[in-house]
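S.K.: For reference, the file work_1.pdb (PDB, C-alpha atoms) is included below:
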MODEL        1
ATOM      1  CA  GLY E 685      22.383   7.723  21.913
ATOM      2  CA  MET E 686      23.928   4.358  21.163
ATOM      3  CA  SER E 687      26.858   3.007  23.187
ATOM      4  CA  ARG E 688      27.215  -0.025  20.937
ATOM      5  CA  PRO E 689      25.061  -1.706  18.281
ATOM      6  CA  GLY E 690      21.688  -2.754  19.647
ATOM      7  CA  GLU E 691      21.968  -0.922  22.966
ATOM      8  CA  SER E 692      20.339   2.414  23.707
ATOM      9  CA  VAL E 693      21.549   4.654  26.515
ATOM     10  CA  TYR E 694      20.058   7.888  27.687
ATOM     11  CA  GLY E 695      22.758   9.225  30.010
ATOM     12  CA  SER E 696      21.244  11.289  32.808
ATOM     13  CA  LEU E 697      17.800  11.429  31.190
ATOM     14  CA  TYR E 698      15.276  10.342  33.813
ATOM     15  CA  ASP E 699      12.047  12.092  32.847
ATOM     16  CA  VAL E 700      10.310  12.918  29.582
ATOM     17  CA  ARG E 701       6.836  14.431  29.309
ATOM     18  CA  PHE E 702       4.566  13.744  26.333
ATOM     19  CA  ASP E 703       1.516  15.629  27.598
ATOM     20  CA  GLY E 704      -0.185  18.162  25.351
ATOM     21  CA  ASN E 705       0.580  16.420  22.058
ATOM     22  CA  PRO E 706      -2.847  15.226  20.854
ATOM     23  CA  GLN E 707      -1.551  14.534  17.337
ATOM     24  CA  MET E 708       1.252  12.288  18.559
ATOM     25  CA  TRP E 709       0.857   8.732  17.264
ATOM     26  CA  SER E 710       4.250   7.161  17.950
ATOM     27  CA  PRO E 711       4.662   5.641  20.445
ATOM     28  CA  PRO E 712       0.937   4.829  20.718
ATOM     29  CA  PRO E 713      -1.040   5.891  23.825
ATOM     30  CA  GLU E 714      -1.101   2.400  25.325
ATOM     31  CA  VAL E 715       2.707   2.331  25.277
ATOM     32  CA  LEU E 716       3.057   5.837  26.723
ATOM     33  CA  ALA E 717       0.714   4.872  29.559
ATOM     34  CA  GLN E 718       3.157   2.180  30.708
ATOM     35  CA  GLY E 719       5.936   4.606  31.590
ATOM     36  CA  LEU E 720       9.390   5.568  30.335
ATOM     37  CA  PRO E 721      11.126   2.154  30.523
ATOM     38  CA  VAL E 722       8.499   0.673  28.195
ATOM     39  CA  VAL E 723       8.570   3.744  25.917
ATOM     40  CA  PHE E 724      12.358   3.486  25.601
ATOM     41  CA  ARG E 725      12.118  -0.255  24.874
ATOM     42  CA  TYR E 726       9.570   0.461  22.145
ATOM     43  CA  LEU E 727      11.724   3.152  20.544
ATOM     44  CA  ARG E 728      14.820   0.976  20.752
ATOM     45  CA  ALA E 729      12.987  -1.857  18.997
ATOM     46  CA  LEU E 730      12.136   0.504  16.127
ATOM     47  CA  PHE E 731      15.718   1.764  15.965
ATOM     48  CA  ASP E 732      17.299  -1.685  16.041
ATOM     49  CA  ALA E 733      14.971  -2.934  13.295
ATOM     50  CA  ARG E 734      16.671  -0.601  10.815
ATOM     51  CA  VAL E 735      19.848  -2.632  11.271
ATOM     52  CA  SER E 736      18.642  -6.133  12.133
ATOM     53  CA  ARG E 737      15.642  -6.169   9.748
ATOM     54  CA  SER E 738      13.700  -7.743  12.636
ATOM     55  CA  LEU E 739      11.036  -5.766  14.521
ATOM     56  CA  ASP E 740      10.115  -7.161  17.926
ATOM     57  CA  LEU E 741       7.049  -5.429  19.406
ATOM     58  CA  HIS E 742       5.756  -8.290  21.540
ATOM     59  CA  ASP E 743       4.158  -7.678  24.935
ATOM     60  CA  PHE E 744       3.458  -3.941  24.610
ATOM     61  CA  ALA E 745      -0.323  -4.158  25.191
ATOM     62  CA  LEU E 746      -0.808  -2.822  21.649
ATOM     63  CA  GLN E 747      -4.450  -2.354  20.681
ATOM     64  CA  ARG E 748      -3.898  -1.489  17.019
ATOM     65  CA  PHE E 749      -1.451  -2.521  14.350
ATOM     66  CA  PRO E 750       1.498  -0.105  14.771
ATOM     67  CA  PRO E 751       1.821   2.199  11.736
ATOM     68  CA  GLU E 752       5.594   2.138  12.245
ATOM     69  CA  CYS E 753       5.481  -1.435  10.928
ATOM     70  CA  LEU E 754       4.342  -0.149   7.556
ATOM     71  CA  GLU E 755       7.055   2.517   7.529
ATOM     72  CA  LEU E 756       9.600  -0.299   7.841
ATOM     73  CA  GLY E 757       7.593  -2.706   5.727
ATOM     74  CA  TRP E 758       9.868  -2.434   2.707
ATOM     75  CA  TRP E 759      12.853  -3.507   4.829
ATOM     76  CA  ILE E 760      12.081  -5.884   7.690
ATOM     77  CA  THR E 761      11.969  -9.641   7.222
ATOM     78  CA  SER E 762      10.698 -10.574  10.697
ATOM     79  CA  LEU E 763       7.853  -9.098  12.745
ATOM     80  CA  TRP E 764       6.835 -10.149  16.255
ATOM     81  CA  LEU E 765       3.529  -8.775  17.572
ATOM     82  CA  SER E 766       2.672 -11.568  19.995
ATOM     83  CA  TYR E 767       1.234 -11.080  23.491
ATOM     84  CA  ASN E 768      -0.638  -7.867  22.681
ATOM     85  CA  ASP E 769      -4.323  -6.901  22.498
ATOM     86  CA  LEU E 770      -4.706  -6.737  18.721
ATOM     87  CA  GLU E 771      -8.139  -7.544  17.330
ATOM     88  CA  ALA E 772      -7.329  -7.273  13.621
ATOM     89  CA  LEU E 773      -4.605  -6.874  11.040
ATOM     90  CA  PRO E 774      -5.029  -4.151   8.417
ATOM     91  CA  ILE E 775      -5.453  -4.977   4.743
ATOM     92  CA  CYS E 776      -2.397  -2.835   4.031
ATOM     93  CA  ILE E 777      -0.214  -5.508   5.618
ATOM     94  CA  GLU E 778       0.013  -6.650   1.996
ATOM     95  CA  GLU E 779       2.686  -3.963   1.557
ATOM     96  CA  MET E 780       5.111  -5.840   3.823
ATOM     97  CA  THR E 781       6.197  -8.170   1.050
ATOM     98  CA  THR E 782       9.702  -8.785   2.461
ATOM     99  CA  LEU E 783       8.359 -10.594   5.536
ATOM    100  CA  LYS E 784       9.547 -14.152   6.086
ATOM    101  CA  THR E 785       8.547 -14.446   9.761
ATOM    102  CA  LEU E 786       5.274 -13.181  11.258
ATOM    103  CA  HIS E 787       4.306 -14.006  14.838
ATOM    104  CA  ILE E 788       0.961 -12.673  16.082
ATOM    105  CA  HIS E 789       0.113 -15.385  18.595
ATOM    106  CA  HIS E 790      -1.616 -14.607  21.900
ATOM    107  CA  ASN E 791      -3.764 -11.693  20.703
ATOM    108  CA  ARG E 792      -7.526 -11.359  20.153
ATOM    109  CA  ILE E 793      -7.518 -11.428  16.350
ATOM    110  CA  MET E 794     -10.743 -12.799  14.873
ATOM    111  CA  ARG E 795      -9.795 -12.950  11.182
ATOM    112  CA  LEU E 796      -6.906 -12.482   8.783
ATOM    113  CA  PRO E 797      -7.116 -10.267   5.699
ATOM    114  CA  PRO E 798      -7.103 -12.326   2.469
ATOM    115  CA  THR E 799      -4.319 -10.069   1.173
ATOM    116  CA  LEU E 800      -1.933 -11.740   3.629
ATOM    117  CA  GLY E 801      -2.120 -14.964   1.651
ATOM    118  CA  ILE E 802      -1.893 -13.170  -1.687
ATOM    119  CA  SER E 803       1.004 -10.781  -1.130
ATOM    120  CA  LEU E 804       3.159 -12.194   1.674
ATOM    121  CA  THR E 805       4.264 -15.208  -0.325
ATOM    122  CA  ARG E 806       7.801 -15.119   1.113
ATOM    123  CA  LEU E 807       6.547 -16.179   4.533
ATOM    124  CA  THR E 808       8.267 -19.273   5.897
ATOM    125  CA  ASP E 809       7.211 -18.955   9.556
ATOM    126  CA  LEU E 810       3.662 -17.910  10.499
ATOM    127  CA  ASP E 811       2.358 -18.210  14.060
ATOM    128  CA  ILE E 812      -1.291 -17.235  14.627
ATOM    129  CA  ALA E 813      -1.896 -19.447  17.674
ATOM    130  CA  TYR E 814      -4.117 -18.469  20.588
ATOM    131  CA  ASN E 815      -6.347 -15.883  18.975
ATOM    132  CA  GLN E 816     -10.107 -15.872  18.313
ATOM    133  CA  MET E 817     -10.123 -17.092  14.701
ATOM    134  CA  THR E 818     -12.764 -19.485  13.430
ATOM    135  CA  ARG E 819     -11.908 -19.521   9.716
ATOM    136  CA  LEU E 820      -8.909 -18.950   7.476
ATOM    137  CA  PRO E 821      -9.064 -17.163   4.112
ATOM    138  CA  LEU E 822      -8.646 -19.677   1.287
ATOM    139  CA  GLU E 823      -5.924 -17.377  -0.043
ATOM    140  CA  MET E 824      -3.653 -18.736   2.710
ATOM    141  CA  ALA E 825      -3.173 -21.776   0.488
ATOM    142  CA  ASN E 826      -0.937 -19.583  -1.693
ATOM    143  CA  LEU E 827       1.820 -19.529   0.947
ATOM    144  CA  SER E 828       3.958 -22.004  -0.953
ATOM    145  CA  ASN E 829       7.157 -21.262   0.990
ATOM    146  CA  ILE E 830       5.696 -21.840   4.450
ATOM    147  CA  GLN E 831       7.763 -24.170   6.643
ATOM    148  CA  ARG E 832       6.152 -23.527  10.025
ATOM    149  CA  PHE E 833       2.448 -22.715  10.404
ATOM    150  CA  GLU E 834       1.153 -22.682  13.984
ATOM    151  CA  LEU E 835      -2.641 -22.617  14.450
ATOM    152  CA  ARG E 836      -3.269 -24.018  17.931
ATOM    153  CA  GLY E 837      -5.538 -22.368  20.457
ATOM    154  CA  ASN E 838      -8.165 -20.919  18.088
ATOM    155  CA  PRO E 839     -11.862 -21.926  18.015
ATOM    156  CA  TRP E 840     -11.676 -23.227  14.442
ATOM    157  CA  GLU E 841     -14.923 -24.155  12.714
ATOM    158  CA  THR E 842     -13.449 -25.422   9.427
ATOM    159  CA  ILE E 843     -10.131 -27.028  10.412
ATOM    160  CA  PRO E 844     -10.157 -30.357  12.291
ATOM    161  CA  GLU E 845      -8.051 -30.411  15.455
ATOM    162  CA  GLU E 846      -6.300 -33.574  14.310
ATOM    163  CA  LEU E 847      -4.936 -31.717  11.266
ATOM    164  CA  ILE E 848      -3.657 -28.898  13.446
ATOM    165  CA  GLU E 849      -1.795 -31.447  15.546
ATOM    166  CA  ALA E 850      -0.445 -33.146  12.406
ATOM    167  CA  GLY E 851       1.733 -30.192  11.478
ATOM    168  CA  THR E 852       2.424 -27.704   8.716
ATOM    169  CA  VAL E 853       2.473 -30.033   5.710
ATOM    170  CA  GLY E 854      -0.967 -31.449   6.458
ATOM    171  CA  ILE E 855      -2.455 -28.028   7.194
ATOM    172  CA  VAL E 856      -1.201 -26.492   3.952
ATOM    173  CA  ARG E 857      -2.389 -29.451   1.909
ATOM    174  CA  PHE E 858      -5.819 -29.244   3.569
ATOM    175  CA  LEU E 859      -6.086 -25.534   2.778
ATOM    176  CA  LYS E 860      -5.150 -26.139  -0.844
ATOM    177  CA  ASN E 861      -7.805 -28.832  -1.096
ATOM    178  CA  LEU E 862     -10.383 -26.503   0.410
ATOM    179  CA  ARG E 863      -9.414 -23.773  -2.030
ATOM    180  CA  ASP E 864      -9.720 -26.105  -4.997
ATOM    181  CA  SER E 865     -13.043 -27.500  -3.726
ATOM    182  CA  ILE E 866     -14.812 -24.401  -5.050
ATOM    183  CA  HIS E 867     -14.803 -26.310  -8.355
ATOM    184  CA  GLY E 868     -17.069 -28.931  -6.815
ATOM    185  CA  VAL E 869     -14.692 -31.579  -5.448
ATOM    186  CA  LEU E 870     -13.098 -31.692  -2.012
ATOM    187  CA  ASP E 871     -10.125 -34.081  -2.107
ATOM    188  CA  LEU E 872      -9.569 -35.595   1.347
ATOM    189  CA  ILE E 873      -7.693 -38.684   0.176
ATOM    190  CA  ARG E 874      -4.695 -39.469   2.419
ATOM    191  CA  MET E 875      -5.736 -36.762   4.873
ATOM    192  CA  THR E 876      -6.153 -39.465   7.587
ATOM    193  CA  LEU E 877      -9.292 -37.799   8.954
ATOM    194  CA  THR E 878     -11.526 -39.694  11.351
ATOM    195  CA  SER E 879     -15.294 -39.600  11.033
ATOM    196  CA  TYR E 880     -15.296 -36.760  13.592
ATOM    197  CA  GLY E 881     -12.876 -34.844  11.405
ATOM    198  CA  LEU E 882     -15.054 -35.329   8.340
ATOM    199  CA  THR E 883     -18.093 -34.041  10.215
ATOM    200  CA  TYR E 884     -16.054 -31.046  11.325
ATOM    201  CA  VAL E 885     -15.193 -30.237   7.699
ATOM    202  CA  ARG E 886     -18.818 -30.476   6.535
ATOM    203  CA  ARG E 887     -19.827 -27.862   9.106
TER
ENDMDL
END
I need this file expressed as C-alpha coordinates, please.

M.R.:
Amino acid sequence: GMSRPGESVYGSLYDVRFDGNPQMWSPPPEVLAQGLPVVFRYLRALFDARVSRSLDLHDFALQRFPPECLELGWWITSLWLSYNDLEALPICIEEMTTLKTLHIHHNRIMRLPPTLGISLTRLTDLDIAYNQMTRLPLEMANLSNIQRFELRGNPWETIPEELIEAGTVGIVRFLKNLRDSIHGVLDLIRMTLTSYGLTYVRR
(Lines of atoms letter the chains of each structure in order from A and count residues from 1; the text may use other names and numbers.)
(Lines give C-alpha, C1' and ligand atoms only; values in the text may rest on other atoms or scores of the structure.)
Protein backbone atom coordinates (compact mmCIF):
# COMPACT_ATOMS: atom_id res chain seq x y z
CA GLY A 1 0.00 0.00 0.00
CA MET A 2 0.88 3.67 -0.02
CA SER A 3 0.75 5.77 3.16
CA ARG A 4 1.53 8.97 1.26
CA PRO A 5 2.86 9.81 -2.21
CA GLY A 6 6.25 8.26 -2.85
CA GLU A 7 6.30 6.02 0.23
CA SER A 8 5.49 2.32 0.19
CA VAL A 9 4.47 0.47 3.33
CA TYR A 10 3.82 -3.20 3.73
CA GLY A 11 2.23 -3.37 7.18
CA SER A 12 3.04 -6.66 8.90
CA LEU A 13 4.45 -8.25 5.74
CA TYR A 14 7.86 -9.67 6.61
CA ASP A 15 8.37 -12.56 4.21
CA VAL A 16 7.55 -13.20 0.57
CA ARG A 17 8.65 -16.27 -1.39
CA PHE A 18 9.27 -16.15 -5.14
CA ASP A 19 10.53 -19.72 -5.54
CA GLY A 20 9.01 -21.94 -8.21
CA ASN A 21 8.26 -19.19 -10.72
CA PRO A 22 10.69 -19.88 -13.58
CA GLN A 23 8.82 -17.55 -15.95
CA MET A 24 9.02 -14.60 -13.57
CA TRP A 25 11.02 -11.73 -15.07
CA SER A 26 10.17 -8.79 -12.81
CA PRO A 27 11.95 -8.15 -10.54
CA PRO A 28 14.96 -9.76 -12.28
CA PRO A 29 16.84 -12.64 -10.60
CA GLU A 30 19.77 -10.47 -9.53
CA VAL A 31 17.38 -8.21 -7.61
CA LEU A 32 15.51 -11.12 -6.01
CA ALA A 33 18.82 -12.58 -4.85
CA GLN A 34 19.50 -9.48 -2.74
CA GLY A 35 16.55 -9.99 -0.42
CA LEU A 36 13.20 -8.36 0.34
CA PRO A 37 14.39 -4.83 1.22
CA VAL A 38 16.02 -4.51 -2.20
CA VAL A 39 13.03 -6.11 -3.95
CA PHE A 40 10.66 -3.65 -2.27
CA ARG A 41 12.92 -0.72 -3.21
CA TYR A 42 12.92 -1.90 -6.82
CA LEU A 43 9.13 -2.23 -6.93
CA ARG A 44 8.66 1.14 -5.26
CA ALA A 45 10.91 2.77 -7.86
CA LEU A 46 8.71 1.35 -10.63
CA PHE A 47 5.55 2.50 -8.84
CA ASP A 48 6.81 6.01 -8.14
CA ALA A 49 7.93 6.45 -11.76
CA ARG A 50 4.29 6.40 -12.87
CA VAL A 51 3.79 9.63 -10.94
CA SER A 52 7.18 11.35 -11.02
CA ARG A 53 8.09 10.37 -14.61
CA SER A 54 11.57 9.58 -13.23
CA LEU A 55 12.78 5.98 -12.90
CA ASP A 56 15.71 5.48 -10.54
CA LEU A 57 17.16 1.96 -10.78
CA HIS A 58 20.73 2.75 -9.77
CA ASP A 59 22.79 0.34 -7.67
CA PHE A 60 20.68 -2.81 -8.12
CA ALA A 61 23.46 -4.99 -9.59
CA LEU A 62 21.40 -5.22 -12.80
CA GLN A 63 23.00 -7.37 -15.48
CA ARG A 64 20.54 -6.61 -18.28
CA PHE A 65 18.52 -3.61 -19.34
CA PRO A 66 15.27 -3.88 -17.33
CA PRO A 67 12.28 -4.54 -19.63
CA GLU A 68 10.15 -2.48 -17.25
CA CYS A 69 11.97 0.57 -18.62
CA LEU A 70 10.43 -0.04 -22.02
CA GLU A 71 6.98 -0.50 -20.49
CA LEU A 72 7.32 3.01 -19.06
CA GLY A 73 9.25 4.32 -22.03
CA TRP A 74 6.35 6.33 -23.41
CA TRP A 75 6.05 8.23 -20.11
CA ILE A 76 9.29 8.73 -18.20
CA THR A 77 11.59 11.66 -18.85
CA SER A 78 14.48 10.60 -16.59
CA LEU A 79 16.20 7.22 -16.24
CA TRP A 80 19.01 6.38 -13.83
CA LEU A 81 20.78 3.03 -14.34
CA SER A 82 24.15 3.94 -12.86
CA TYR A 83 26.23 1.68 -10.60
CA ASN A 84 25.00 -1.59 -12.09
CA ASP A 85 26.63 -4.39 -14.11
CA LEU A 86 25.16 -3.59 -17.52
CA GLU A 87 27.27 -4.53 -20.53
CA ALA A 88 25.01 -3.15 -23.26
CA LEU A 89 21.93 -1.11 -24.03
CA PRO A 90 19.32 -2.64 -26.35
CA ILE A 91 18.57 -1.14 -29.75
CA CYS A 92 14.94 -0.80 -28.66
CA ILE A 93 15.96 2.01 -26.31
CA GLU A 94 15.02 4.10 -29.35
CA GLU A 95 11.40 3.72 -28.20
CA MET A 96 12.04 5.86 -25.11
CA THR A 97 11.68 9.09 -27.03
CA THR A 98 10.46 11.15 -24.04
CA LEU A 99 13.78 10.82 -22.21
CA LYS A 100 15.56 14.05 -21.31
CA THR A 101 17.95 12.59 -18.71
CA LEU A 102 19.84 9.29 -19.06
CA HIS A 103 22.51 8.29 -16.55
CA ILE A 104 24.29 4.97 -17.15
CA HIS A 105 27.65 5.79 -15.59
CA HIS A 106 29.65 3.21 -13.62
CA ASN A 107 28.61 0.12 -15.60
CA ARG A 108 30.55 -2.13 -18.00
CA ILE A 109 28.97 -0.92 -21.25
CA MET A 110 31.28 -1.29 -24.25
CA ARG A 111 29.21 0.49 -26.92
CA LEU A 112 26.06 2.51 -27.45
CA PRO A 113 23.45 1.64 -30.07
CA PRO A 114 23.40 4.19 -32.93
CA THR A 115 19.63 4.46 -32.48
CA LEU A 116 20.24 6.36 -29.23
CA GLY A 117 21.60 9.30 -31.19
CA ILE A 118 18.88 9.07 -33.82
CA SER A 119 15.74 8.75 -31.72
CA LEU A 120 16.47 10.22 -28.29
CA THR A 121 16.87 13.75 -29.58
CA ARG A 122 15.18 15.28 -26.51
CA LEU A 123 18.12 14.34 -24.30
CA THR A 124 19.61 17.27 -22.41
CA ASP A 125 21.62 15.31 -19.81
CA LEU A 126 23.60 12.20 -20.79
CA ASP A 127 26.13 10.60 -18.44
CA ILE A 128 28.05 7.59 -19.80
CA ALA A 129 31.16 8.01 -17.63
CA TYR A 130 33.17 5.11 -16.24
CA ASN A 131 32.23 2.35 -18.63
CA GLN A 132 34.32 0.38 -21.15
CA MET A 133 33.59 2.39 -24.30
CA THR A 134 36.27 3.08 -26.88
CA ARG A 135 34.17 4.71 -29.61
CA LEU A 136 30.95 6.68 -29.94
CA PRO A 137 28.47 6.25 -32.80
CA LEU A 138 28.63 9.25 -35.13
CA GLU A 139 24.85 9.46 -34.73
CA MET A 140 25.46 10.97 -31.27
CA ALA A 141 26.18 14.23 -33.08
CA ASN A 142 22.42 14.51 -33.67
CA LEU A 143 21.76 15.25 -29.99
CA SER A 144 21.20 18.94 -30.63
CA ASN A 145 19.51 19.62 -27.27
CA ILE A 146 22.28 18.18 -25.11
CA GLN A 147 23.41 20.48 -22.29
CA ARG A 148 25.45 18.04 -20.20
CA PHE A 149 27.43 15.18 -21.75
CA GLU A 150 29.75 13.33 -19.37
CA LEU A 151 32.31 10.96 -20.93
CA ARG A 152 35.09 10.62 -18.36
CA GLY A 153 36.54 7.30 -17.29
CA ASN A 154 36.26 5.40 -20.60
CA PRO A 155 39.22 4.07 -22.63
CA TRP A 156 38.43 6.24 -25.65
CA GLU A 157 40.35 5.60 -28.86
CA THR A 158 38.84 8.41 -30.97
CA ILE A 159 38.20 11.24 -28.49
CA PRO A 160 41.16 13.19 -27.08
CA GLU A 161 41.21 13.48 -23.29
CA GLU A 162 41.66 17.24 -23.52
CA LEU A 163 38.30 17.53 -25.32
CA ILE A 164 36.59 15.46 -22.64
CA GLU A 165 37.95 17.84 -20.02
CA ALA A 166 36.86 20.86 -22.09
CA GLY A 167 33.18 20.14 -21.60
CA THR A 168 29.96 19.47 -23.47
CA VAL A 169 30.16 22.18 -26.13
CA GLY A 170 33.57 21.06 -27.35
CA ILE A 171 32.61 17.38 -27.31
CA VAL A 172 29.45 17.91 -29.35
CA ARG A 173 31.25 20.09 -31.87
CA PHE A 174 33.99 17.47 -32.21
CA LEU A 175 31.43 14.73 -32.83
CA LYS A 176 29.69 16.82 -35.47
CA ASN A 177 33.01 17.42 -37.21
CA LEU A 178 33.77 13.71 -37.13
CA ARG A 179 30.36 12.93 -38.57
CA ASP A 180 30.80 15.42 -41.38
CA SER A 181 34.35 14.19 -42.09
CA ILE A 182 32.90 11.21 -43.98
CA HIS A 183 32.73 13.67 -46.89
CA GLY A 184 36.51 13.90 -46.89
CA VAL A 185 37.30 16.87 -44.63
CA LEU A 186 37.82 16.83 -40.88
CA ASP A 187 37.44 20.39 -39.55
CA LEU A 188 39.53 20.81 -36.39
CA ILE A 189 39.85 24.60 -36.58
CA ARG A 190 39.41 26.24 -33.15
CA MET A 191 39.36 22.84 -31.45
CA THR A 192 42.52 23.84 -29.50
CA LEU A 193 44.01 20.36 -29.87
CA THR A 194 47.67 19.79 -29.08
CA SER A 195 49.86 17.65 -31.30
CA TYR A 196 49.11 14.72 -28.96
CA GLY A 197 45.41 15.31 -29.48
CA LEU A 198 45.81 15.35 -33.25
CA THR A 199 47.70 12.06 -33.15
CA TYR A 200 44.94 10.62 -30.99
CA VAL A 201 42.33 11.59 -33.60
CA ARG A 202 44.29 10.04 -36.48
CA ARG A 203 44.33 6.70 -34.67

S.K.: Which residues are close to E:Leu859, i.e. within 12 Å by only C-alpha atoms, leaving aside same-chain residues fewer than 4 positions away? Reply as an MDAnalysis selection string.

M.R.: chainID E and resid 801 819:828 833 842:844 847:848 852:855 863:866 870:872 875 885

S.K.: Kindly resolve the PyMOL selection byres ((chain E and resi 774-780) around 10) on the present coordinates and return the residues as an mmCIF file with C-alpha atoms, in the coordinates of the input.

M.R.:
data_model
loop_
_atom_site.group_PDB
_atom_site.id
_atom_site.type_symbol
_atom_site.label_atom_id
_atom_site.label_comp_id
_atom_site.auth_asym_id
_atom_site.auth_seq_id
_atom_site.Cartn_x
_atom_site.Cartn_y
_atom_site.Cartn_z
ATOM 1 C CA ARG E 748 -3.898 -1.489 17.019
ATOM 2 C CA PHE E 749 -1.451 -2.521 14.350
ATOM 3 C CA PRO E 750 1.498 -0.105 14.771
ATOM 4 C CA PRO E 751 1.821 2.199 11.736
ATOM 5 C CA CYS E 753 5.481 -1.435 10.928
ATOM 6 C CA LEU E 754 4.342 -0.149 7.556
ATOM 7 C CA GLU E 755 7.055 2.517 7.529
ATOM 8 C CA LEU E 756 9.600 -0.299 7.841
ATOM 9 C CA GLY E 757 7.593 -2.706 5.727
ATOM 10 C CA TRP E 758 9.868 -2.434 2.707
ATOM 11 C CA TRP E 759 12.853 -3.507 4.829
ATOM 12 C CA ILE E 760 12.081 -5.884 7.690
ATOM 13 C CA THR E 761 11.969 -9.641 7.222
ATOM 14 C CA LEU E 763 7.853 -9.098 12.745
ATOM 15 C CA ALA E 772 -7.329 -7.273 13.621
ATOM 16 C CA LEU E 773 -4.605 -6.874 11.040
ATOM 17 C CA THR E 781 6.197 -8.170 1.050
ATOM 18 C CA THR E 782 9.702 -8.785 2.461
ATOM 19 C CA LEU E 783 8.359 -10.594 5.536
ATOM 20 C CA LYS E 784 9.547 -14.152 6.086
ATOM 21 C CA LEU E 796 -6.906 -12.482 8.783
ATOM 22 C CA PRO E 797 -7.116 -10.267 5.699
ATOM 23 C CA PRO E 798 -7.103 -12.326 2.469
ATOM 24 C CA THR E 799 -4.319 -10.069 1.173
ATOM 25 C CA LEU E 800 -1.933 -11.740 3.629
ATOM 26 C CA GLY E 801 -2.120 -14.964 1.651
ATOM 27 C CA ILE E 802 -1.893 -13.170 -1.687
ATOM 28 C CA SER E 803 1.004 -10.781 -1.130
ATOM 29 C CA LEU E 804 3.159 -12.194 1.674
ATOM 30 C CA THR E 805 4.264 -15.208 -0.325
#

S.K.: Name all residues at most 10 Å from E:Asn791 (count only C-alpha atoms; drop same-chain ones fewer than 4 positions away) and give them as a ChimeraX atom specification.

M.R.: /E:743,745-747,765-772,812-816

S.K.: Hey, can you check how far atom CA of E:Asn829 sits from atom CA of E:Leu807?

M.R.: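 Spanning atom CA of E:Asn829 to atom CA of E:Leu807 is a straight-line distance of 6.2 Å.
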
S.K.: So how far away is atom CA of E:Ser710 from atom CA of E:Leu727, in Å?

M.R.: 8.9 Å

S.K.: May I ask which of the residues E:Arg857, E:Arg728, E:His787, E:Arg737 is the closest one to E:Asp809, counting only C-alpha atoms?

M.R.: E:His787

S.K.: Please compute the atom CA of E:Gly719-atom CA of E:Leu739 distance, one decimal, in Å.

M.R.: 20.6 Å

S.K.: For stretch 739-748 of chain E, I'd like the enclosing box, axis-aligned and padded by 3 Å on every side, reported as AutoDock Vina command-line options with centre and edge lengths in Å to one decimal.

M.R.:
--center_x 3.3 --center_y -4.9 --center_z 19.9 --size_x 21.5 --size_y 12.8 --size_z 16.7

S.K.: Which residue out of E:Phe858, E:Phe724, E:Phe731, E:Trp840 has the minimum interatomic distance to E:Glu752 when all atoms listed in the file are used?

M.R.: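 Of the candidates, the smallest distance to E:Glu752 is held by E:Phe731.
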
S.K.: For E:Trp764, please output as a count of residues only all residues within 10 Å (counting all atoms listed in the file; exclusion window: fewer than 5 positions along the same chain).

M.R.: 12

S.K.: I need the residue set behind the PyMOL selection byres ((chain E and resi 839) around 7) for this file; please write it as a PyMOL selection string.

M.R.: chain E and resi 816-818+837-838+840-841
